[in-house]
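Heads up, upload-v6.cif below (mmCIF, C-alpha atoms):
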data_protein
#
loop_
_atom_site.group_PDB
_atom_site.id
_atom_site.type_symbol
_atom_site.label_atom_id
_atom_site.label_comp_id
_atom_site.auth_asym_id
_atom_site.auth_seq_id
_atom_site.Cartn_x
_atom_site.Cartn_y
_atom_site.Cartn_z
ATOM 1 C CA MET A 1 -14.709 -4.778 -14.583
ATOM 2 C CA THR A 2 -15.775 -4.582 -10.943
ATOM 3 C CA PHE A 3 -15.578 -7.202 -8.228
ATOM 4 C CA GLY A 4 -18.080 -9.904 -7.331
ATOM 5 C CA ARG A 5 -17.658 -12.933 -9.618
ATOM 6 C CA THR A 6 -17.149 -16.395 -8.141
ATOM 7 C CA GLU A 7 -13.759 -16.648 -9.846
ATOM 8 C CA ASP A 8 -12.468 -13.403 -8.350
ATOM 9 C CA LEU A 9 -9.308 -13.806 -6.284
ATOM 10 C CA VAL A 10 -7.547 -10.878 -4.628
ATOM 11 C CA LEU A 11 -3.803 -10.887 -4.031
ATOM 12 C CA VAL A 12 -2.831 -8.598 -1.156
ATOM 13 C CA VAL A 13 0.818 -7.589 -1.140
ATOM 14 C CA GLY A 14 2.097 -6.103 2.109
ATOM 15 C CA ALA A 15 -0.659 -7.991 3.915
ATOM 16 C CA THR A 16 1.120 -8.145 7.286
ATOM 17 C CA GLY A 17 1.696 -4.366 7.393
ATOM 18 C CA GLY A 18 -0.456 -1.727 9.059
ATOM 19 C CA VAL A 19 -2.807 -1.065 6.124
ATOM 20 C CA GLY A 20 -2.506 -4.499 4.530
ATOM 21 C CA GLN A 21 -3.777 -6.363 7.574
ATOM 22 C CA ILE A 22 -6.963 -4.302 7.607
ATOM 23 C CA VAL A 23 -7.377 -4.774 3.836
ATOM 24 C CA VAL A 24 -7.295 -8.545 4.324
ATOM 25 C CA GLY A 25 -9.773 -8.325 7.187
ATOM 26 C CA LYS A 26 -12.223 -6.222 5.180
ATOM 27 C CA LEU A 27 -11.976 -8.524 2.172
ATOM 28 C CA LEU A 28 -12.706 -11.554 4.350
ATOM 29 C CA GLU A 29 -15.689 -9.759 5.895
ATOM 30 C CA LYS A 30 -17.067 -9.368 2.374
ATOM 31 C CA GLY A 31 -16.589 -13.054 1.663
ATOM 32 C CA ALA A 32 -13.798 -12.515 -0.856
ATOM 33 C CA LYS A 33 -11.197 -15.131 -1.712
ATOM 34 C CA VAL A 34 -7.844 -13.782 -0.597
ATOM 35 C CA ARG A 35 -4.278 -14.729 -1.344
ATOM 36 C CA ILE A 36 -1.344 -12.948 0.254
ATOM 37 C CA LEU A 37 2.273 -12.564 -0.711
ATOM 38 C CA THR A 38 4.573 -12.523 2.289
ATOM 39 C CA ARG A 39 8.151 -13.093 3.294
ATOM 40 C CA ASN A 40 7.058 -14.587 6.613
ATOM 41 C CA ALA A 41 4.565 -17.424 6.182
ATOM 42 C CA GLU A 42 4.523 -18.286 9.884
ATOM 43 C CA LYS A 43 3.552 -14.742 10.873
ATOM 44 C CA ALA A 44 0.869 -14.608 8.166
ATOM 45 C CA LYS A 45 -0.705 -17.933 9.123
ATOM 46 C CA LYS A 46 -0.773 -16.967 12.773
ATOM 47 C CA LEU A 47 -2.344 -13.599 11.986
ATOM 48 C CA PHE A 48 -4.997 -14.746 9.514
ATOM 49 C CA ASN A 49 -5.858 -18.131 11.031
ATOM 50 C CA GLU A 50 -5.320 -19.933 7.723
ATOM 51 C CA LYS A 51 -8.307 -18.099 6.189
ATOM 52 C CA VAL A 52 -6.190 -16.943 3.245
ATOM 53 C CA GLU A 53 -3.887 -18.572 0.712
ATOM 54 C CA VAL A 54 -0.289 -17.831 1.671
ATOM 55 C CA PHE A 55 2.422 -17.560 -0.955
ATOM 56 C CA VAL A 56 5.992 -16.880 0.097
ATOM 57 C CA GLY A 57 7.716 -14.313 -2.079
ATOM 58 C CA ASP A 58 9.251 -10.875 -2.265
ATOM 59 C CA ILE A 59 8.420 -8.126 -4.771
ATOM 60 C CA ARG A 60 12.116 -7.193 -4.801
ATOM 61 C CA LYS A 61 12.808 -10.628 -6.317
ATOM 62 C CA ALA A 62 10.972 -10.962 -9.620
ATOM 63 C CA ASN A 63 11.465 -14.727 -9.838
ATOM 64 C CA THR A 64 9.323 -15.246 -6.695
ATOM 65 C CA LEU A 65 6.223 -13.578 -8.175
ATOM 66 C CA PRO A 66 4.811 -15.749 -11.018
ATOM 67 C CA ALA A 67 3.276 -18.405 -8.746
ATOM 68 C CA ALA A 68 1.745 -15.787 -6.456
ATOM 69 C CA VAL A 69 -0.019 -13.908 -9.267
ATOM 70 C CA ASP A 70 -1.295 -16.994 -11.070
ATOM 71 C CA ASN A 71 -5.086 -16.791 -11.535
ATOM 72 C CA VAL A 72 -5.500 -13.625 -9.451
ATOM 73 C CA THR A 73 -8.072 -11.141 -10.728
ATOM 74 C CA HIS A 74 -7.205 -8.193 -8.466
ATOM 75 C CA ILE A 75 -4.024 -6.999 -6.775
ATOM 76 C CA ILE A 76 -3.971 -4.639 -3.798
ATOM 77 C CA CYS A 77 -0.434 -3.468 -3.089
ATOM 78 C CA CYS A 78 0.145 -1.952 0.358
ATOM 79 C CA THR A 79 3.908 -2.352 0.514
ATOM 80 C CA GLY A 80 6.268 0.265 1.825
ATOM 81 C CA THR A 81 9.110 1.012 4.174
ATOM 82 C CA THR A 82 10.086 3.928 6.382
ATOM 83 C CA ALA A 83 10.758 7.297 4.731
ATOM 84 C CA PHE A 84 13.957 7.709 6.737
ATOM 85 C CA PRO A 85 16.771 5.209 7.359
ATOM 86 C CA SER A 86 15.821 2.710 10.055
ATOM 87 C CA ALA A 87 16.203 -0.930 10.985
ATOM 88 C CA ARG A 88 13.368 -1.666 8.536
ATOM 89 C CA TRP A 89 15.746 -0.798 5.716
ATOM 90 C CA GLU A 90 17.545 -4.055 6.580
ATOM 91 C CA PHE A 91 21.123 -2.841 6.443
ATOM 92 C CA ASP A 92 23.747 -5.478 5.774
ATOM 93 C CA PRO A 93 25.825 -5.304 7.846
ATOM 94 C CA GLU A 94 23.943 -3.477 10.586
ATOM 95 C CA PRO A 95 25.554 -0.018 10.816
ATOM 96 C CA ASN A 96 27.385 1.090 13.922
ATOM 97 C CA PHE A 97 27.230 4.597 15.330
ATOM 98 C CA PHE A 98 30.075 5.882 13.146
ATOM 99 C CA GLU A 99 28.610 4.527 9.917
ATOM 100 C CA TRP A 100 25.262 6.315 10.209
ATOM 101 C CA GLY A 101 26.772 9.583 8.967
ATOM 102 C CA LYS A 102 27.951 7.891 5.777
ATOM 103 C CA ILE A 103 24.551 6.273 5.333
ATOM 104 C CA LEU A 104 22.828 9.624 5.695
ATOM 105 C CA LEU A 105 25.165 11.458 3.307
ATOM 106 C CA ASP A 106 26.111 8.889 0.684
ATOM 107 C CA SER A 107 23.145 7.566 -1.295
ATOM 108 C CA ASP A 108 25.243 5.046 -3.244
ATOM 109 C CA TYR A 109 26.593 3.571 -0.029
ATOM 110 C CA ARG A 110 23.105 3.567 1.446
ATOM 111 C CA GLU A 111 21.597 1.664 -1.485
ATOM 112 C CA ALA A 112 24.483 -0.806 -1.473
ATOM 113 C CA THR A 113 24.157 -1.678 2.210
ATOM 114 C CA ALA A 114 20.366 -1.614 2.648
ATOM 115 C CA LYS A 115 17.967 -4.156 1.131
ATOM 116 C CA ASN A 116 14.640 -2.518 1.938
ATOM 117 C CA THR A 117 14.917 1.131 0.872
ATOM 118 C CA PRO A 118 12.047 3.039 -0.768
ATOM 119 C CA THR A 119 13.777 2.645 -4.134
ATOM 120 C CA LYS A 120 13.988 -1.117 -3.813
ATOM 121 C CA VAL A 121 10.431 -1.510 -2.503
ATOM 122 C CA ASP A 122 8.277 1.244 -4.009
ATOM 123 C CA ALA A 123 10.076 1.704 -7.326
ATOM 124 C CA GLU A 124 11.812 -1.550 -8.280
ATOM 125 C CA GLY A 125 9.563 -3.883 -6.310
ATOM 126 C CA VAL A 126 6.295 -2.406 -7.561
ATOM 127 C CA SER A 127 7.652 -2.454 -11.112
ATOM 128 C CA ASN A 128 8.424 -6.159 -10.691
ATOM 129 C CA LEU A 129 4.888 -6.795 -9.463
ATOM 130 C CA VAL A 130 3.375 -4.884 -12.385
ATOM 131 C CA ALA A 131 5.473 -6.869 -14.865
ATOM 132 C CA ALA A 132 4.337 -10.160 -13.311
ATOM 133 C CA ALA A 133 0.643 -9.251 -13.089
ATOM 134 C CA PRO A 134 -1.792 -11.171 -15.334
ATOM 135 C CA LYS A 135 -2.574 -9.232 -18.509
ATOM 136 C CA ASN A 136 -6.308 -9.731 -17.906
ATOM 137 C CA LEU A 137 -6.150 -8.312 -14.370
ATOM 138 C CA SER A 138 -9.370 -6.539 -13.377
ATOM 139 C CA ARG A 139 -7.728 -3.995 -11.075
ATOM 140 C CA PHE A 140 -4.359 -3.064 -9.617
ATOM 141 C CA VAL A 141 -4.780 -0.980 -6.440
ATOM 142 C CA PHE A 142 -1.718 0.798 -5.085
ATOM 143 C CA VAL A 143 -1.254 2.733 -1.834
ATOM 144 C CA SER A 144 0.991 5.702 -2.592
ATOM 145 C CA SER A 145 1.291 9.030 -0.729
ATOM 146 C CA VAL A 146 0.190 12.635 -0.833
ATOM 147 C CA GLY A 147 2.931 15.049 -1.835
ATOM 148 C CA ILE A 148 3.973 13.170 -4.959
ATOM 149 C CA LEU A 149 3.477 16.299 -7.081
ATOM 150 C CA ARG A 150 4.674 18.663 -4.339
ATOM 151 C CA LYS A 151 7.885 16.934 -3.317
ATOM 152 C CA ASP A 152 9.901 20.128 -3.718
ATOM 153 C CA GLN A 153 7.600 22.048 -1.366
ATOM 154 C CA PRO A 154 7.611 21.937 2.455
ATOM 155 C CA PRO A 155 6.850 19.753 4.316
ATOM 156 C CA PHE A 156 7.040 17.179 1.526
ATOM 157 C CA ASN A 157 10.640 18.049 0.641
ATOM 158 C CA ILE A 158 11.588 16.919 4.155
ATOM 159 C CA LEU A 159 9.539 13.727 3.815
ATOM 160 C CA ASN A 160 11.317 13.073 0.507
ATOM 161 C CA ALA A 161 14.825 13.646 1.901
ATOM 162 C CA PHE A 162 15.689 9.994 1.267
ATOM 163 C CA GLY A 163 13.579 9.557 -1.842
ATOM 164 C CA VAL A 164 10.363 7.966 -0.614
ATOM 165 C CA LEU A 165 8.137 10.186 -2.787
ATOM 166 C CA ASP A 166 10.454 9.748 -5.770
ATOM 167 C CA ALA A 167 10.134 5.994 -5.372
ATOM 168 C CA LYS A 168 6.346 6.087 -4.933
ATOM 169 C CA LYS A 169 6.085 8.200 -8.091
ATOM 170 C CA LYS A 170 8.094 5.629 -10.068
ATOM 171 C CA GLY A 171 5.800 2.907 -8.753
ATOM 172 C CA GLU A 172 2.752 4.914 -9.826
ATOM 173 C CA GLU A 173 4.222 5.460 -13.283
ATOM 174 C CA ALA A 174 4.936 1.756 -13.737
ATOM 175 C CA ILE A 175 1.296 0.988 -12.959
ATOM 176 C CA ILE A 176 -0.196 3.748 -15.118
ATOM 177 C CA HIS A 177 1.991 2.945 -18.126
ATOM 178 C CA SER A 178 1.337 -0.807 -17.869
ATOM 179 C CA GLY A 179 -2.073 -0.626 -19.486
ATOM 180 C CA LEU A 180 -3.618 -2.474 -16.534
ATOM 181 C CA PRO A 181 -6.817 -1.110 -14.955
ATOM 182 C CA TYR A 182 -5.696 0.649 -11.772
ATOM 183 C CA THR A 183 -6.678 2.691 -8.753
ATOM 184 C CA ILE A 184 -3.962 4.687 -6.974
ATOM 185 C CA ILE A 185 -4.706 6.024 -3.511
ATOM 186 C CA ARG A 186 -2.504 8.731 -2.011
ATOM 187 C CA PRO A 187 -3.209 8.920 1.723
ATOM 188 C CA GLY A 188 -2.074 11.627 4.063
ATOM 189 C CA ARG A 189 0.014 10.899 7.161
ATOM 190 C CA LEU A 190 -1.170 7.504 8.362
ATOM 191 C CA ILE A 191 -2.796 7.328 11.790
ATOM 192 C CA ASP A 192 -4.852 4.694 13.700
ATOM 193 C CA GLY A 193 -2.634 1.728 14.374
ATOM 194 C CA PRO A 194 -0.657 0.188 12.883
ATOM 195 C CA TYR A 195 -2.352 -2.973 14.092
ATOM 196 C CA THR A 196 0.673 -5.190 13.736
ATOM 197 C CA SER A 197 0.387 -7.440 16.780
ATOM 198 C CA TYR A 198 -3.229 -8.594 16.787
ATOM 199 C CA ASP A 199 -4.887 -11.767 15.627
ATOM 200 C CA LEU A 200 -7.563 -11.451 12.956
ATOM 201 C CA ASN A 201 -10.550 -11.350 15.309
ATOM 202 C CA THR A 202 -9.054 -8.534 17.367
ATOM 203 C CA LEU A 203 -8.008 -6.760 14.196
ATOM 204 C CA LEU A 204 -11.542 -6.716 12.828
ATOM 205 C CA LYS A 205 -12.849 -5.225 16.058
ATOM 206 C CA ALA A 206 -10.143 -2.569 15.905
ATOM 207 C CA THR A 207 -11.364 -1.297 12.552
ATOM 208 C CA THR A 208 -14.690 0.060 13.753
ATOM 209 C CA GLY A 209 -13.326 3.453 14.829
ATOM 210 C CA GLY A 210 -12.927 6.695 12.922
ATOM 211 C CA LYS A 211 -13.867 10.162 14.146
ATOM 212 C CA LEU A 212 -13.521 12.332 11.036
ATOM 213 C CA ASN A 213 -15.080 12.186 7.604
ATOM 214 C CA VAL A 214 -13.323 10.827 4.527
ATOM 215 C CA VAL A 215 -12.312 13.492 2.014
ATOM 216 C CA ILE A 216 -10.901 12.568 -1.372
ATOM 217 C CA GLY A 217 -9.504 14.850 -4.043
ATOM 218 C CA LYS A 218 -7.517 15.032 -7.245
ATOM 219 C CA GLY A 219 -4.343 16.795 -8.328
ATOM 220 C CA ASP A 220 -2.377 16.337 -5.086
ATOM 221 C CA THR A 221 -3.911 19.317 -3.314
ATOM 222 C CA LEU A 222 -4.916 17.713 -0.009
ATOM 223 C CA ALA A 223 -2.862 17.418 3.168
ATOM 224 C CA GLY A 224 -3.549 16.036 6.619
ATOM 225 C CA ASP A 225 -3.936 12.753 8.448
ATOM 226 C CA ALA A 226 -5.507 9.614 7.012
ATOM 227 C CA SER A 227 -6.801 6.709 9.073
ATOM 228 C CA ARG A 228 -5.321 3.360 8.108
ATOM 229 C CA ILE A 229 -8.832 2.021 8.577
ATOM 230 C CA ASP A 230 -10.247 4.321 5.906
ATOM 231 C CA VAL A 231 -7.297 3.830 3.555
ATOM 232 C CA ALA A 232 -7.825 0.072 3.755
ATOM 233 C CA ALA A 233 -11.554 0.517 3.194
ATOM 234 C CA ALA A 234 -10.864 2.665 0.127
ATOM 235 C CA CYS A 235 -8.598 -0.050 -1.280
ATOM 236 C CA VAL A 236 -11.276 -2.698 -0.871
ATOM 237 C CA GLU A 237 -14.287 -0.594 -1.866
ATOM 238 C CA SER A 238 -12.565 0.692 -5.013
ATOM 239 C CA ILE A 239 -12.608 -2.733 -6.646
ATOM 240 C CA PHE A 240 -16.412 -2.804 -6.436
ATOM 241 C CA TYR A 241 -16.956 0.378 -8.471
ATOM 242 C CA SER A 242 -16.025 1.182 -12.045
ATOM 243 C CA ALA A 243 -15.937 4.920 -11.224
ATOM 244 C CA SER A 244 -12.678 4.391 -9.339
ATOM 245 C CA GLU A 245 -10.954 2.712 -12.300
ATOM 246 C CA ARG A 246 -7.962 4.548 -13.802
ATOM 247 C CA GLN A 247 -8.157 7.110 -11.030
ATOM 248 C CA VAL A 248 -5.426 8.630 -8.891
ATOM 249 C CA PHE A 249 -6.748 10.394 -5.816
ATOM 250 C CA GLU A 250 -5.736 11.668 -2.393
ATOM 251 C CA LEU A 251 -7.466 10.672 0.847
ATOM 252 C CA VAL A 252 -7.463 12.476 4.193
ATOM 253 C CA ASN A 253 -9.788 12.679 7.191
ATOM 254 C CA LYS A 254 -11.500 15.985 7.893
ATOM 255 C CA GLY A 255 -14.854 17.267 9.085
ATOM 256 C CA THR A 256 -17.785 15.579 10.766
ATOM 257 C CA ARG A 257 -18.088 11.892 10.035
ATOM 258 C CA PRO A 258 -21.488 10.625 8.833
ATOM 259 C CA PRO A 259 -22.961 7.372 10.196
ATOM 260 C CA THR A 260 -21.677 5.516 7.117
ATOM 261 C CA ILE A 261 -19.169 6.335 4.387
ATOM 262 C CA ASP A 262 -20.798 6.307 0.938
ATOM 263 C CA TRP A 263 -17.888 5.087 -1.173
ATOM 264 C CA GLU A 264 -19.939 4.871 -4.345
ATOM 265 C CA ARG A 265 -20.805 8.567 -4.057
ATOM 266 C CA LEU A 266 -17.222 9.519 -3.253
ATOM 267 C CA PHE A 267 -15.850 7.655 -6.248
ATOM 268 C CA SER A 268 -18.576 8.957 -8.585
ATOM 269 C CA GLN A 269 -17.571 12.537 -7.756
ATOM 270 C CA LEU A 270 -14.026 12.017 -9.023
ATOM 271 C CA PRO A 271 -13.475 13.856 -12.314
ATOM 272 C CA THR A 272 -12.277 11.653 -15.141
#

Mind turning the file's structure into structure tokens?
Amino acid sequence: MTFGRTEDLVLVVGATGGVGQIVVGKLLEKGAKVRILTRNAEKAKKLFNEKVEVFVGDIRKANTLPAAVDNVTHIICCTGTTAFPSARWEFDPEPNFFEWGKILLDSDYREATAKNTPTKVDAEGVSNLVAAAPKNLSRFVFVSSVGILRKDQPPFNILNAFGVLDAKKKGEEAIIHSGLPYTIIRPGRLIDGPYTSYDLNTLLKATTGGKLNVVIGKGDTLAGDASRIDVAAACVESIFYSASERQVFELVNKGTRPPTIDWERLFSQLPT
């Protein structure tokens, strides 16, 4: 079932991140009703000018999800963390210089001291969100990554040094095996932005760029850069077309960009 009914309500998870912010903006431009799940309500309200419903929760904590998913018809999940250990992994306690070596070498220690690793966000967190999703959901859209099927090949083996592609793959599998209608988008290396310090009006103006065409493919064969603007557009546009349902595809930017991107044509060319 595609998007456009009066009762449709889209939950955006990861809405204050680089892709998620643009997803929210594009949904609002289309007149959609939007709810977001966030850990920081103050930041979300400031960013989106109270134009969205704000639910406080965390996909890593399953008990915070039922209220957020109640009555939603579509979920767009743009969550993620850094591929390599960083402050965004939320180490507890914050490591000192001498502890970084142990963090880099000892995965058990790393998982025990960090709360926001790829495993906890992209594998466990996404699985929690899938389990909480309404059984009559019209679409679950997930932003994954190229290289999922090539994680043992360079340069993806380097990207996966700390398990980000392993975790994304587990998230994909949870979605696919759930029985829910889904669209999984695997972008290349994200460029353009992230627009993480703008208000909504500035954000919408920032999404009018884009110099290269959108190329999508199947089978994890593409590589290259992907504009956050186009990844966000693909997330939003996919819920309008049945041809994108139960599809997993890669997205990169290459070639000469036409005046407009024909998403319906792009999705219709995907083999089933």

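Using the PyMOL selection byres ((chain A and resi 121) around 8) on this structure selects Ile59, Arg60, Thr79, Gly80, Thr81, Asn116, Thr117, Pro118, Thr119, Lys120, Asp122, Ala123, Glu124, Gly125 and Val126 of chain A.
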
Tell me which residues the PyMOL selection byres ((chain A and resi 223-227) around 6) grabs here, as number ranges by chain. A: 187-192, 222, 228-230, 252-253

Nearest residue to A:Asn128 out of A:Ile239, A:Val34, A:Leu165, A:Ile175, using only C-alpha atoms? A:Ile175

Give as a list of chain:residue names the residues that the PyMOL selection byres ((chain A and resi 6) around 12) matches when applied to the coordinates above.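 Expected selection for the PyMOL selection byres ((chain A and resi 6) around 12) here is A:Phe3, A:Gly4, A:Arg5, A:Glu7, A:Asp8, A:Leu9, A:Val10, A:Gly31, A:Ala32, A:Lys33, A:Thr73.
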
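Here atom CA of A:Thr38 stands at a distance of 23.4 Å from atom CA of A:Ala112.
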
Which residues are near A:Glu172? Cut-off 10 Å, all atoms listed in the file, ignore same chain within fewer than 3 positions. Put them as a PDB file with C-alpha atoms, keeping the file's coordinate frame.
ATOM      1  CA  ASP A 122       8.277   1.244  -4.009  1.00  0.00           C
ATOM      2  CA  ALA A 123      10.076   1.704  -7.326  1.00  0.00           C
ATOM      3  CA  VAL A 126       6.295  -2.406  -7.561  1.00  0.00           C
ATOM      4  CA  SER A 127       7.652  -2.454 -11.112  1.00  0.00           C
ATOM      5  CA  PHE A 142      -1.718   0.798  -5.085  1.00  0.00           C
ATOM      6  CA  VAL A 143      -1.254   2.733  -1.834  1.00  0.00           C
ATOM      7  CA  SER A 144       0.991   5.702  -2.592  1.00  0.00           C
ATOM      8  CA  ILE A 148       3.973  13.170  -4.959  1.00  0.00           C
ATOM      9  CA  ASP A 166      10.454   9.748  -5.770  1.00  0.00           C
ATOM     10  CA  ALA A 167      10.134   5.994  -5.372  1.00  0.00           C
ATOM     11  CA  LYS A 168       6.346   6.087  -4.933  1.00  0.00           C
ATOM     12  CA  LYS A 169       6.085   8.200  -8.091  1.00  0.00           C
ATOM     13  CA  ILE A 175       1.296   0.988 -12.959  1.00  0.00           C
ATOM     14  CA  ILE A 176      -0.196   3.748 -15.118  1.00  0.00           C
ATOM     15  CA  HIS A 177       1.991   2.945 -18.126  1.00  0.00           C
ATOM     16  CA  SER A 178       1.337  -0.807 -17.869  1.00  0.00           C
ATOM     17  CA  TYR A 182      -5.696   0.649 -11.772  1.00  0.00           C
ATOM     18  CA  THR A 183      -6.678   2.691  -8.753  1.00  0.00           C
ATOM     19  CA  ILE A 184      -3.962   4.687  -6.974  1.00  0.00           C
ATOM     20  CA  ILE A 185      -4.706   6.024  -3.511  1.00  0.00           C
ATOM     21  CA  VAL A 248      -5.426   8.630  -8.891  1.00  0.00           C
TER      22      VAL A 248
END
